[in-house]
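One file, model-v3.txt, carrying compact mmCIF, C-alpha atoms:
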# COMPACT_ATOMS: atom_id res chain seq x y z
CA MET A 1 38.43 170.56 -58.70
CA LYS A 2 38.76 171.71 -62.27
CA THR A 3 36.99 174.98 -63.05
CA ILE A 4 35.43 176.01 -66.32
CA SER A 5 33.51 179.14 -67.30
CA TYR A 6 29.88 178.35 -67.86
CA TYR A 7 27.36 180.04 -70.14
CA PRO A 8 23.80 178.96 -69.27
CA GLY A 9 21.62 180.83 -71.76
CA CYS A 10 18.08 181.98 -71.04
CA THR A 11 15.95 178.83 -70.88
CA LEU A 12 18.19 176.87 -68.48
CA LYS A 13 17.19 179.28 -65.73
CA ASN A 14 13.47 178.60 -65.97
CA SER A 15 11.75 175.89 -68.02
CA ALA A 16 15.00 173.91 -68.40
CA LYS A 17 16.20 174.16 -64.77
CA ASN A 18 16.16 170.35 -64.82
CA PHE A 19 18.87 170.46 -67.49
CA GLU A 20 21.04 172.93 -65.59
CA ASP A 21 20.83 171.46 -62.11
CA SER A 22 21.34 167.89 -63.26
CA ALA A 23 24.36 168.94 -65.35
CA LEU A 24 25.98 171.01 -62.61
CA CYS A 25 25.55 168.24 -60.03
CA ALA A 26 26.92 165.63 -62.45
CA LEU A 27 29.94 167.81 -63.21
CA SER A 28 30.69 168.31 -59.52
CA ARG A 29 30.61 164.54 -58.97
CA LEU A 30 33.14 164.28 -61.79
CA GLY A 31 35.43 166.84 -60.19
CA TRP A 32 34.50 169.89 -62.25
CA GLU A 33 33.08 173.22 -61.14
CA ALA A 34 31.11 175.17 -63.72
CA LYS A 35 31.52 178.85 -62.86
CA GLU A 36 28.72 180.93 -64.35
CA LEU A 37 29.84 183.96 -66.36
CA GLU A 38 29.00 187.37 -64.98
CA ARG A 39 26.72 189.67 -66.95
CA TRP A 40 26.07 187.13 -69.69
CA ASN A 41 23.36 187.97 -72.19
CA CYS A 42 21.08 185.96 -74.45
CA CYS A 43 23.10 184.45 -77.30
CA GLY A 44 20.31 185.01 -79.82
CA THR A 45 19.49 181.27 -80.10
CA VAL A 46 20.12 181.07 -83.85
CA PHE A 47 23.10 181.96 -85.98
CA SER A 48 22.22 184.54 -88.59
CA LEU A 49 22.94 183.06 -92.02
CA ALA A 50 22.93 186.28 -94.07
CA THR A 51 26.47 187.17 -95.16
CA ASP A 52 26.06 190.91 -94.56
CA ASP A 53 24.62 190.62 -91.06
CA LEU A 54 27.01 191.56 -88.29
CA MET A 55 24.42 192.94 -85.87
CA HIS A 56 23.15 189.52 -84.86
CA HIS A 57 26.66 188.33 -84.04
CA LEU A 58 27.16 190.97 -81.35
CA ALA A 59 25.22 189.08 -78.69
CA PRO A 60 27.18 185.83 -78.97
CA ILE A 61 30.54 187.61 -79.28
CA ARG A 62 29.77 189.69 -76.20
CA ASN A 63 29.47 186.44 -74.23
CA LEU A 64 32.91 185.42 -75.45
CA ILE A 65 34.17 188.79 -74.23
CA ARG A 66 32.62 187.96 -70.84
CA THR A 67 34.57 184.70 -70.92
CA LYS A 68 37.82 186.63 -71.41
CA GLU A 69 36.83 189.01 -68.62
CA ALA A 70 36.49 185.98 -66.35
CA GLY A 71 40.09 185.16 -67.16
CA SER A 72 39.17 182.07 -69.23
CA ASP A 73 39.71 181.03 -72.77
CA THR A 74 37.16 178.20 -72.70
CA VAL A 75 33.42 178.39 -72.16
CA LEU A 76 31.07 175.50 -71.42
CA THR A 77 27.56 175.38 -72.84
CA LEU A 78 24.74 172.91 -72.22
CA CYS A 79 22.04 174.11 -74.60
CA ALA A 80 22.60 172.89 -78.14
CA MET A 81 21.30 176.13 -79.62
CA CYS A 82 23.64 178.26 -77.51
CA TYR A 83 26.52 175.95 -78.39
CA ASN A 84 25.82 176.24 -82.11
CA THR A 85 25.25 180.00 -82.07
CA LEU A 86 28.29 180.85 -79.95
CA LYS A 87 30.54 178.51 -81.89
CA ARG A 88 29.37 179.64 -85.34
CA ALA A 89 29.67 183.32 -84.42
CA ASN A 90 33.14 182.63 -83.09
CA GLU A 91 34.20 180.87 -86.31
CA ARG A 92 32.66 183.68 -88.35
CA VAL A 93 34.79 186.37 -86.77
CA LYS A 94 37.88 184.19 -86.60
CA SER A 95 37.80 183.72 -90.35
CA ASP A 96 37.12 187.37 -91.21
CA ALA A 97 39.33 189.99 -89.57
CA ASP A 98 37.30 192.81 -91.09
CA SER A 99 34.07 191.61 -89.44
CA LEU A 100 35.88 191.12 -86.13
CA GLU A 101 37.21 194.66 -86.25
CA LYS A 102 33.78 196.12 -87.05
CA ILE A 103 32.20 194.17 -84.21
CA ASN A 104 34.89 195.27 -81.76
CA ASP A 105 34.53 198.89 -82.91
CA PHE A 106 30.78 198.74 -82.41
CA MET A 107 31.28 197.39 -78.90
CA ASP A 108 34.07 199.85 -78.12
CA ARG A 109 32.79 200.37 -74.57
CA GLU A 110 33.68 196.78 -73.71
CA LYS A 111 36.87 196.38 -71.67
CA VAL A 112 38.11 193.53 -73.84
CA LYS A 113 38.73 193.66 -77.57
CA TYR A 114 37.80 190.18 -78.74
CA ALA A 115 40.64 188.40 -80.54
CA GLY A 116 38.93 185.15 -81.52
CA ASP A 117 40.76 183.22 -78.84
CA VAL A 118 37.93 181.55 -76.90
CA ARG A 119 37.02 177.91 -77.34
CA VAL A 120 33.31 177.08 -77.15
CA LEU A 121 32.75 173.60 -75.72
CA HIS A 122 29.65 171.51 -75.12
CA LEU A 123 29.32 169.29 -72.06
CA LEU A 124 29.38 166.18 -74.26
CA GLU A 125 32.81 167.20 -75.58
CA ILE A 126 34.08 167.61 -72.02
CA LEU A 127 32.69 164.20 -71.07
CA ARG A 128 34.07 162.49 -74.16
CA ASP A 129 37.43 164.23 -74.59
CA GLU A 130 38.50 165.63 -71.21
CA ILE A 131 36.91 163.49 -68.54
CA THR A 132 36.53 160.42 -70.83
CA PHE A 133 33.82 157.81 -70.67
CA PRO A 134 35.84 155.11 -68.82
CA VAL A 135 36.32 157.60 -65.96
CA VAL A 136 32.59 158.40 -65.99
CA ALA A 137 31.82 154.66 -65.90
CA GLY A 138 34.15 154.27 -62.93
CA LYS A 139 32.21 156.89 -60.95
CA VAL A 140 28.73 155.45 -61.58
CA VAL A 141 27.15 154.45 -58.27
CA ARG A 142 23.76 153.39 -59.51
CA LYS A 143 23.27 151.31 -62.65
CA PRO A 144 19.78 150.89 -64.10
CA ASP A 145 18.22 147.49 -64.73
CA GLY A 146 17.19 146.96 -68.33
CA LEU A 147 16.69 150.60 -69.29
CA ARG A 148 16.54 151.17 -73.05
CA VAL A 149 16.76 154.70 -74.44
CA ALA A 150 16.54 156.37 -77.82
CA ASN A 151 19.10 159.18 -77.99
CA TYR A 152 17.83 162.20 -79.86
CA TYR A 153 20.53 164.57 -81.10
CA GLY A 154 18.39 167.03 -83.04
CA CYS A 155 20.06 169.43 -85.47
CA LEU A 156 22.36 171.90 -83.89
CA LEU A 157 24.58 169.57 -81.91
CA VAL A 158 25.80 167.79 -85.05
CA ARG A 159 25.29 170.26 -87.93
CA PRO A 160 26.82 171.89 -89.90
CA LYS A 161 30.04 170.02 -90.58
CA GLY A 162 32.94 171.68 -88.80
CA ILE A 163 30.72 173.00 -86.02
CA GLY A 164 28.94 169.80 -84.99
CA LEU A 165 30.63 167.85 -82.21
CA ASP A 166 30.03 164.47 -83.85
CA ASP A 167 29.22 162.89 -87.21
CA GLN A 168 26.34 164.61 -89.01
CA GLU A 169 24.58 161.39 -90.03
CA ASN A 170 25.72 158.80 -87.48
CA PRO A 171 26.67 160.44 -84.20
CA VAL A 172 27.62 158.11 -81.34
CA VAL A 173 28.57 160.33 -78.41
CA LEU A 174 25.26 159.92 -76.55
CA GLU A 175 25.31 156.18 -77.17
CA ASP A 176 28.85 155.98 -75.77
CA LEU A 177 27.79 157.97 -72.71
CA MET A 178 24.80 155.70 -72.14
CA THR A 179 27.07 152.64 -72.35
CA ALA A 180 29.24 154.15 -69.63
CA LEU A 181 26.11 154.57 -67.50
CA GLY A 182 24.97 150.99 -68.05
CA VAL A 183 22.04 152.09 -70.20
CA GLU A 184 21.18 150.33 -73.44
CA SER A 185 20.61 152.53 -76.50
CA VAL A 186 18.29 151.58 -79.32
CA GLU A 187 19.03 152.52 -82.90
CA PHE A 188 16.40 154.81 -84.24
CA PRO A 189 16.33 156.46 -87.65
CA TYR A 190 15.10 159.91 -86.61
CA ASN A 191 17.88 160.66 -84.14
CA THR A 192 19.09 163.70 -86.10
CA GLU A 193 15.81 164.76 -87.67
CA CYS A 194 14.64 168.25 -86.79
CA CYS A 195 11.90 168.59 -84.15
CA GLY A 196 10.54 171.69 -85.87
CA ALA A 197 12.29 174.11 -83.52
CA TYR A 198 10.83 177.63 -83.53
CA GLN A 199 7.84 176.57 -85.68
CA THR A 200 6.34 175.71 -82.29
CA VAL A 201 5.41 179.38 -81.88
CA ASP A 202 3.33 179.95 -85.02
CA GLU A 203 2.81 176.41 -86.39
CA PRO A 204 2.43 174.14 -83.35
CA GLN A 205 0.50 171.58 -85.44
CA THR A 206 3.53 170.94 -87.68
CA VAL A 207 5.67 170.45 -84.60
CA ALA A 208 3.07 168.04 -83.18
CA GLU A 209 3.38 166.01 -86.38
CA ARG A 210 7.15 165.87 -85.97
CA THR A 211 6.73 164.89 -82.33
CA HIS A 212 4.43 162.08 -83.36
CA HIS A 213 6.82 160.93 -86.08
CA ILE A 214 9.96 160.95 -83.96
CA LEU A 215 8.48 159.41 -80.82
CA THR A 216 6.52 156.71 -82.66
CA SER A 217 9.80 155.60 -84.22
CA ALA A 218 11.54 155.56 -80.83
CA HIS A 219 8.66 153.51 -79.41
CA ARG A 220 8.85 151.05 -82.29
CA GLN A 221 12.54 150.48 -81.59
CA GLY A 222 11.72 149.57 -78.01
CA ALA A 223 12.79 152.71 -76.18
CA ASP A 224 11.54 153.35 -72.63
CA LEU A 225 12.64 156.99 -72.82
CA LEU A 226 14.02 159.58 -75.20
CA THR A 227 17.15 161.52 -74.21
CA VAL A 228 17.67 165.07 -75.46
CA SER A 229 20.22 167.86 -75.09
CA CYS A 230 18.35 170.96 -76.19
CA PRO A 231 15.61 172.85 -74.27
CA LEU A 232 13.67 173.52 -77.46
CA CYS A 233 13.77 169.87 -78.50
CA ALA A 234 12.75 168.97 -74.95
CA PHE A 235 9.76 171.31 -75.14
CA ASN A 236 8.68 170.16 -78.59
CA LEU A 237 9.10 166.46 -77.90
CA ASP A 238 7.68 166.52 -74.39
CA HIS A 239 5.10 169.32 -74.08
CA ARG A 240 3.70 168.89 -77.62
CA GLN A 241 2.86 165.23 -76.99
CA LYS A 242 -0.68 166.21 -75.99
CA ASP A 243 -1.03 168.00 -79.37
CA ALA A 244 0.34 164.91 -81.14
CA ALA A 245 -2.23 162.76 -79.30
CA ARG A 246 -5.02 165.05 -80.49
CA LEU A 247 -3.88 164.60 -84.11
CA HIS A 248 -3.27 160.84 -83.84
CA THR A 249 -5.49 158.88 -81.49
CA ASP A 250 -3.10 155.91 -81.45
CA PHE A 251 -0.19 158.03 -80.16
CA ALA A 252 1.49 156.52 -77.09
CA PRO A 253 3.31 158.95 -74.77
CA LEU A 254 7.05 158.52 -74.19
CA PRO A 255 8.93 160.30 -71.38
CA VAL A 256 11.67 162.70 -72.47
CA VAL A 257 14.71 163.33 -70.26
CA TYR A 258 17.92 165.30 -70.64
CA PHE A 259 21.00 163.11 -70.96
CA THR A 260 22.36 164.98 -67.93
CA GLN A 261 19.50 163.70 -65.78
CA LEU A 262 20.47 160.08 -66.45
CA LEU A 263 24.12 160.99 -65.96
CA ALA A 264 23.42 162.80 -62.69
CA LEU A 265 21.23 160.03 -61.27
CA GLY A 266 23.87 157.45 -62.23
CA LEU A 267 26.48 159.46 -60.33
CA GLY A 268 24.27 159.60 -57.24
CA CYS A 269 22.83 163.12 -57.50
CA PRO A 270 19.64 163.85 -55.51
CA GLU A 271 16.24 163.56 -57.16
CA GLU A 272 15.34 167.20 -56.31
CA ASP A 273 18.04 168.39 -58.73
CA MET A 274 16.21 166.63 -61.56
CA HIS A 275 13.10 168.86 -61.26
CA PHE A 276 10.82 166.20 -62.73
CA ASP A 277 7.87 168.53 -62.14
CA LEU A 278 9.01 170.49 -65.21
CA HIS A 279 8.27 167.53 -67.48
CA ALA A 280 4.95 167.16 -69.30
CA VAL A 281 5.19 163.35 -69.48
CA ASP A 282 6.37 162.17 -66.06
CA PRO A 283 9.51 160.02 -66.42
CA ARG A 284 9.46 158.88 -62.80
CA PRO A 285 7.37 155.69 -63.21
CA VAL A 286 9.72 154.34 -65.90
CA LEU A 287 12.81 155.46 -63.98
CA GLU A 288 11.58 153.76 -60.82
CA GLN A 289 10.69 150.62 -62.69
CA LYS A 290 14.18 150.41 -64.23
CA GLY A 291 16.06 151.08 -61.01
CA VAL A 292 17.27 154.59 -61.88
CA LEU A 293 15.27 156.13 -59.02
CA MET B 1 -0.12 178.17 -115.89
CA ARG B 2 2.38 180.06 -117.97
CA THR B 3 5.94 180.42 -116.82
CA HIS B 4 8.04 182.92 -118.67
CA ILE B 5 11.74 182.12 -118.63
CA SER B 6 13.86 184.93 -119.91
CA ARG B 7 17.56 185.67 -120.15
CA LYS B 8 16.75 189.04 -118.59
CA LYS B 9 15.48 187.37 -115.39
CA ILE B 10 18.23 184.80 -115.05
CA ARG B 11 20.84 187.28 -113.86
CA ASN B 12 18.59 190.03 -112.56
CA ALA B 13 19.00 192.11 -109.41
CA PHE B 14 16.94 189.65 -107.34
CA VAL B 15 19.21 186.74 -108.27
CA GLU B 16 22.27 188.84 -107.48
CA LYS B 17 20.82 189.77 -104.10
CA VAL B 18 20.05 186.15 -103.26
CA GLU B 19 23.59 185.15 -104.16
CA GLU B 20 25.05 188.05 -102.19
CA LEU B 21 23.05 187.44 -99.02
CA SER B 22 23.50 183.68 -99.15
CA GLY B 23 27.10 183.68 -100.33
CA GLN B 24 26.15 180.88 -102.72
CA ASN B 25 26.72 180.37 -106.43
CA LEU B 26 23.25 179.16 -107.44
CA LEU B 27 24.38 177.73 -110.79
CA VAL B 28 26.48 175.11 -108.97
CA CYS B 29 23.29 173.18 -108.15
CA TYR B 30 22.61 170.37 -110.60
CA GLN B 31 19.19 169.44 -109.18
CA CYS B 32 20.05 166.07 -107.71
CA GLY B 33 17.25 166.49 -105.10
CA LYS B 34 19.14 165.24 -102.03
CA CYS B 35 18.23 168.41 -100.18
CA SER B 36 14.51 167.80 -100.73
CA ALA B 37 14.88 164.12 -99.92
CA GLY B 38 16.39 164.94 -96.53
CA CYS B 39 14.26 167.91 -95.57
CA PRO B 40 12.00 167.04 -92.61
CA GLN B 41 9.52 169.82 -93.37
CA VAL B 42 8.72 168.99 -97.04
CA ASP B 43 5.18 167.88 -96.29
CA GLN B 44 4.39 171.48 -95.27
CA MET B 45 6.12 173.11 -98.24
CA ASP B 46 4.62 174.42 -101.47
CA ILE B 47 8.00 174.62 -103.22
CA LEU B 48 10.61 171.93 -102.50
CA PRO B 49 14.14 172.97 -101.51
CA ASN B 50 15.65 171.90 -104.81
CA GLN B 51 12.86 173.79 -106.61
CA VAL B 52 13.71 176.89 -104.57
CA ILE B 53 17.24 176.75 -105.97
CA ARG B 54 15.94 176.16 -109.50
CA LEU B 55 13.47 179.05 -109.29
CA ALA B 56 16.21 181.25 -107.83
CA GLN B 57 18.48 180.29 -110.75
CA LEU B 58 15.71 181.37 -113.14
CA GLY B 59 15.03 184.64 -111.33
CA GLU B 60 11.44 183.71 -110.38
CA GLN B 61 11.17 186.28 -107.61
CA GLU B 62 7.37 186.39 -107.17
CA GLU B 63 6.97 182.67 -106.56
CA LEU B 64 9.80 182.60 -104.07
CA VAL B 65 8.91 185.63 -101.98
CA ASN B 66 5.25 184.53 -101.82
CA SER B 67 6.03 180.91 -100.96
CA LYS B 68 5.10 179.13 -97.75
CA THR B 69 8.33 177.17 -97.97
CA ILE B 70 10.72 179.85 -96.77
CA TRP B 71 8.78 180.21 -93.50
CA VAL B 72 8.31 176.49 -92.97
CA CYS B 73 12.07 175.93 -93.19
CA ALA B 74 13.44 175.36 -89.70
CA SER B 75 17.11 175.95 -90.64
CA CYS B 76 17.98 172.43 -89.58
CA MET B 77 20.93 172.29 -92.03
CA THR B 78 20.11 168.79 -93.26
CA CYS B 79 20.07 170.10 -96.84
CA ASN B 80 23.50 171.69 -96.39
CA VAL B 81 25.16 168.55 -95.09
CA ARG B 82 23.63 166.36 -97.82
CA CYS B 83 24.37 168.54 -100.89
CA PRO B 84 27.09 166.87 -102.97
CA LYS B 85 28.10 170.20 -104.49
CA GLY B 86 28.41 172.01 -101.17
CA VAL B 87 25.56 174.40 -101.92
CA LYS B 88 24.16 175.88 -98.74
CA ILE B 89 20.43 175.68 -99.39
CA ALA B 90 19.66 176.85 -95.84
CA GLU B 91 21.54 180.07 -96.58
CA VAL B 92 19.52 180.54 -99.79
CA MET B 93 16.29 180.13 -97.76
CA GLU B 94 17.57 182.74 -95.32
CA ALA B 95 18.43 185.10 -98.19
CA VAL B 96 14.88 184.98 -99.58
CA ARG B 97 13.46 185.42 -96.07
CA GLN B 98 15.70 188.45 -95.54
CA ILE B 99 14.64 189.98 -98.86
CA VAL B 100 11.04 189.87 -97.59
CA LEU B 101 11.80 190.85 -93.97
CA ARG B 102 13.96 193.81 -94.92
CA LYS B 103 10.88 195.31 -96.55
CA ARG B 104 9.38 195.23 -93.03
CA LYS B 105 7.04 192.37 -93.99
CA ASP B 106 7.08 190.31 -90.83
CA HIS B 107 5.92 186.71 -90.98
CA VAL B 108 5.26 186.34 -87.26
CA HIS B 109 3.41 189.29 -85.81
CA ILE B 110 4.52 189.64 -82.22
CA GLU B 111 1.71 192.02 -81.36
CA LYS B 112 -0.88 189.46 -82.51
CA LEU B 113 0.34 186.66 -80.24
CA THR B 114 -2.00 186.11 -77.31
CA ALA B 115 -0.66 186.11 -73.76
CA GLU B 116 -1.43 182.40 -73.62
CA GLU B 117 0.56 181.73 -76.81
CA ARG B 118 3.51 183.70 -75.45
CA GLU B 119 3.46 182.09 -72.04
CA SER B 120 2.98 178.53 -73.25
CA VAL B 121 6.38 178.28 -74.94
CA PRO B 122 9.89 178.66 -73.46
CA PRO B 123 11.98 181.81 -74.14
CA ILE B 124 14.22 179.88 -76.53
CA ALA B 125 11.23 179.29 -78.84
CA LEU B 126 10.11 182.92 -78.86
CA ILE B 127 13.58 184.32 -79.44
CA SER B 128 14.41 181.99 -82.32
CA SER B 129 10.99 182.49 -83.91
CA PHE B 130 11.30 186.26 -83.76
CA ARG B 131 14.86 186.17 -85.06
CA LYS B 132 13.88 184.07 -88.06
CA SER B 133 10.47 185.44 -88.89
CA THR B 134 10.46 189.12 -87.96
CA SER B 135 12.48 192.14 -88.97

Would you kindly transcribe this structure into structure tokens?
Amino acid sequence: MKTISYYPGCTLKNSAKNFEDSALCALSRLGWEAKELERWNCCGTVFSLATDDLMHHLAPIRNLIRTKEAGSDTVLTLCAMCYNTLKRANERVKSDADSLEKINDFMDREKVKYAGDVRVLHLLEILRDEITFPVVAGKVVRKPDGLRVANYYGCLLVRPKGIGLDDQENPVVLEDLMTALGVESVEFPYNTECCGAYQTVDEPQTVAERTHHILTSAHRQGADLLTVSCPLCAFNLDHRQKDAARLHTDFAPLPVVYFTQLLALGLGCPEEDMHFDLHAVDPRPVLEQKGVL
Amino acid sequence: MRTHISRKKIRNAFVEKVEELSGQNLLVCYQCGKCSAGCPQVDQMDILPNQVIRLAQLGEQEELVNSKTIWVCASCMTCNVRCPKGVKIAEVMEAVRQIVLRKRKDHVHIEKLTAEERESVPPIALISSFRKSTS
């Protein structure tokens, strides 16, 4: 069993428990144990872009300190926003010794002085680079029958350049994973187009428009489901479908699942770990029809 | 509508602040429009991303700080990855937002959100919204 330090972030413990449990089960079937960090805190969800802001980098850096305290120099994330925030904060302090020193001085009560030596990894990187897709394919126990998915990357998994884990315009990592699982991917033009993110709080109508736009395209390309890797994308593209339907009477619902749920089910994980009750549009009928469940 | 372009405004304190907070050299932008072409939120904006850069170059502070655009921006970084000159438009948006927020002019008023509004979205949404739109 390989062990890796794991940073969950806030939402994976409640509304995105389906993401966490499916990922952890899948990893265990692949011979990896994700060991949750002790005393982790919220990463802040977004990377502060103002050049003079150090305060908003404390939260992510503190989690990297927790990683060192656990005796690791690598930390696994699942949430795309956590991945982006932790990684960008890490790069920020690695490239500016003065900022790193100020941040360490501010957090002088911490047992570890952060030296910029933690690697932030996303599950997809582990699957692609460490475990490798042929090995994943070899461990699949249940292949679907004619399942076609549209893989939605969103923003923060692939942007900006240098932080993103795949090409900014034409990422393929989810497609390659789906191939390993025996799932067909459709090409759809909005795979990296923003879902509207935090606009869902004060401008839910704009998000509903994006939901309509993105899912209609996925439908048109023949997708049975949309796969996602971010709890905010999952919320916007799943739970805002009823708002999209109110704005556009011809809107057809499309189930949204985390890529880890398809991975986990393919590796033989139990249905309870998928927490399908957390979904707004129930994916079970389609999954049953295509032999996933 | 009269627009007054003046050499005094072009390098004024507001422009310097935007460049400082964003870390961008605004004059590098040659208005190709790729940022606006790629932006997924343009239909909600009153000023397009490339126009934001142009107005910032000209020191048009009032239009920028009063725009809807800066709050509609979702920091998706599409503009940044498309710009052929490497200008980080997302950072410029953040700079203008910060200029407003640091005067304690919140865009999202946490105290005005109803319990239903707060409970209907996941924590990730609330945290990112407050980080981007409040001081």

Got a sec: who's within 10 Å of Ala95 (chain B), counting all atoms listed in the file, leaving out chain neighbours fewer than 5 positions off, as a short mmCIF file (atom, residue, chain, number, x, y, z; two decimals) with C-alpha atoms, in the frame of the given file?
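After the write, selection.cif holds the following:
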data_model
loop_
_atom_site.label_atom_id
_atom_site.label_comp_id
_atom_site.auth_asym_id
_atom_site.auth_seq_id
_atom_site.Cartn_x
_atom_site.Cartn_y
_atom_site.Cartn_z
CA LEU A 49 22.94 183.06 -92.02
CA ALA A 50 22.93 186.28 -94.07
CA THR A 51 26.47 187.17 -95.16
CA LYS B 17 20.82 189.77 -104.10
CA VAL B 18 20.05 186.15 -103.26
CA GLU B 19 23.59 185.15 -104.16
CA GLU B 20 25.05 188.05 -102.19
CA LEU B 21 23.05 187.44 -99.02
CA SER B 22 23.50 183.68 -99.15
CA GLY B 23 27.10 183.68 -100.33
CA GLN B 24 26.15 180.88 -102.72
CA ILE B 70 10.72 179.85 -96.77
CA ILE B 89 20.43 175.68 -99.39
CA ALA B 90 19.66 176.85 -95.84
CA VAL B 100 11.04 189.87 -97.59
CA LEU B 101 11.80 190.85 -93.97
#

### Message
Residues of chain A were defined as contacting chain B if any atom lay at most 10 Å from it, counting only C-alpha atoms; please report them as an NGL selection string.
### Response
:A and (9-12 or 14-16 or 42-53 or 56 or 79 or 81-82 or 154-156 or 158-161 or 168-169 or 190 or 192-203 or 206-207 or 210 or 230-233 or 235-236 or 239)

Limited to C-alpha atoms, could you put the picked residues into a file as an mmCIF file, in the frame of the given file?
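Final output, saved to selection04.cif:
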data_model
loop_
_atom_site.group_PDB
_atom_site.id
_atom_site.type_symbol
_atom_site.label_atom_id
_atom_site.label_comp_id
_atom_site.auth_asym_id
_atom_site.auth_seq_id
_atom_site.Cartn_x
_atom_site.Cartn_y
_atom_site.Cartn_z
ATOM 1 C CA GLY A 9 21.620 180.830 -71.760
ATOM 2 C CA CYS A 10 18.080 181.980 -71.040
ATOM 3 C CA THR A 11 15.950 178.830 -70.880
ATOM 4 C CA LEU A 12 18.190 176.870 -68.480
ATOM 5 C CA ASN A 14 13.470 178.600 -65.970
ATOM 6 C CA SER A 15 11.750 175.890 -68.020
ATOM 7 C CA ALA A 16 15.000 173.910 -68.400
ATOM 8 C CA CYS A 42 21.080 185.960 -74.450
ATOM 9 C CA CYS A 43 23.100 184.450 -77.300
ATOM 10 C CA GLY A 44 20.310 185.010 -79.820
ATOM 11 C CA THR A 45 19.490 181.270 -80.100
ATOM 12 C CA VAL A 46 20.120 181.070 -83.850
ATOM 13 C CA PHE A 47 23.100 181.960 -85.980
ATOM 14 C CA SER A 48 22.220 184.540 -88.590
ATOM 15 C CA LEU A 49 22.940 183.060 -92.020
ATOM 16 C CA ALA A 50 22.930 186.280 -94.070
ATOM 17 C CA THR A 51 26.470 187.170 -95.160
ATOM 18 C CA ASP A 52 26.060 190.910 -94.560
ATOM 19 C CA ASP A 53 24.620 190.620 -91.060
ATOM 20 C CA HIS A 56 23.150 189.520 -84.860
ATOM 21 C CA CYS A 79 22.040 174.110 -74.600
ATOM 22 C CA MET A 81 21.300 176.130 -79.620
ATOM 23 C CA CYS A 82 23.640 178.260 -77.510
ATOM 24 C CA GLY A 154 18.390 167.030 -83.040
ATOM 25 C CA CYS A 155 20.060 169.430 -85.470
ATOM 26 C CA LEU A 156 22.360 171.900 -83.890
ATOM 27 C CA VAL A 158 25.800 167.790 -85.050
ATOM 28 C CA ARG A 159 25.290 170.260 -87.930
ATOM 29 C CA PRO A 160 26.820 171.890 -89.900
ATOM 30 C CA LYS A 161 30.040 170.020 -90.580
ATOM 31 C CA GLN A 168 26.340 164.610 -89.010
ATOM 32 C CA GLU A 169 24.580 161.390 -90.030
ATOM 33 C CA TYR A 190 15.100 159.910 -86.610
ATOM 34 C CA THR A 192 19.090 163.700 -86.100
ATOM 35 C CA GLU A 193 15.810 164.760 -87.670
ATOM 36 C CA CYS A 194 14.640 168.250 -86.790
ATOM 37 C CA CYS A 195 11.900 168.590 -84.150
ATOM 38 C CA GLY A 196 10.540 171.690 -85.870
ATOM 39 C CA ALA A 197 12.290 174.110 -83.520
ATOM 40 C CA TYR A 198 10.830 177.630 -83.530
ATOM 41 C CA GLN A 199 7.840 176.570 -85.680
ATOM 42 C CA THR A 200 6.340 175.710 -82.290
ATOM 43 C CA VAL A 201 5.410 179.380 -81.880
ATOM 44 C CA ASP A 202 3.330 179.950 -85.020
ATOM 45 C CA GLU A 203 2.810 176.410 -86.390
ATOM 46 C CA THR A 206 3.530 170.940 -87.680
ATOM 47 C CA VAL A 207 5.670 170.450 -84.600
ATOM 48 C CA ARG A 210 7.150 165.870 -85.970
ATOM 49 C CA CYS A 230 18.350 170.960 -76.190
ATOM 50 C CA PRO A 231 15.610 172.850 -74.270
ATOM 51 C CA LEU A 232 13.670 173.520 -77.460
ATOM 52 C CA CYS A 233 13.770 169.870 -78.500
ATOM 53 C CA PHE A 235 9.760 171.310 -75.140
ATOM 54 C CA ASN A 236 8.680 170.160 -78.590
ATOM 55 C CA HIS A 239 5.100 169.320 -74.080
#

So that all listed atoms of region 116-135 of chain A fit with 6 Å spare on each side, what axis-aligned box centre and edge lengths in Å, to one decimal, would you give as lines of an AutoDock Vina configuration file?
center_x = 35.0
center_y = 170.1
center_z = -73.7
size_x = 23.4
size_y = 42.0
size_z = 27.6

### Message
From (17.0, 177.6, -113.4), in the file's coordinates, out to 10 Å: which residues are reached, counting all atoms listed in the file? Answer as a list in words.
### Response
Ile5, Ile10, Leu26, Leu27, Cys29, Tyr30, Gln31, Gln51, Val52, Ile53, Arg54, Leu55, Ala56, Gln57, Leu58, Gly59 and Glu60 of chain B

### Query
So which residues touch Leu226 (chain A) within 7 Å, counting all atoms listed in the file, skipping near sequence neighbours fewer than 6 positions away, as an NGL selection string?
:A and (149-152 or 255-257)

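CA of Lys113 (chain A) sits 12.9 Å away from CA of Ser99 (chain A).
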
### Task
Would you please work out which residue, of B:Arg2, B:Lys68, B:Lys105, B:Lys34, is nearest to Asp46 (chain B) when using only C-alpha atoms?
B:Lys68

### Message
Neighbouring residues of region 17-31 of chain A were defined as those with any atom within 10 Å, considering only C-alpha atoms; residues of the same chain fewer than 4 positions away were excluded. Please report them as a ChimeraX atom specification.
### Response
/A:1-3,6,8,11-13,35,78-79,123,126-127,131,135-136,139-140,228-231,234,257-279

#### Entry: Which residue of B:Asn50, B:Glu16, B:Met45, B:Ile99 approaches Ser67 (chain B) most closely, using all atoms listed in the file
B:Met45

### Query
Any idea what's packed within 10 Å of Ser72 (chain A), counting only C-alpha atoms, ignoring anything in its chain fewer than 3 positions away? Could you give it as a ChimeraX atom specification?
/A:3-5,37,64-69,75,117-119

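Ranking B:Gln61, B:Thr134, B:Thr69, B:Thr114 by their shortest atom-to-atom distance to Asn12 (chain B), with all atoms listed in the file included, puts B:Gln61 first.
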
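Distance-wise, CA of Trp40 (chain A) and CA of Ala115 (chain A) end up 18.2 Å apart.
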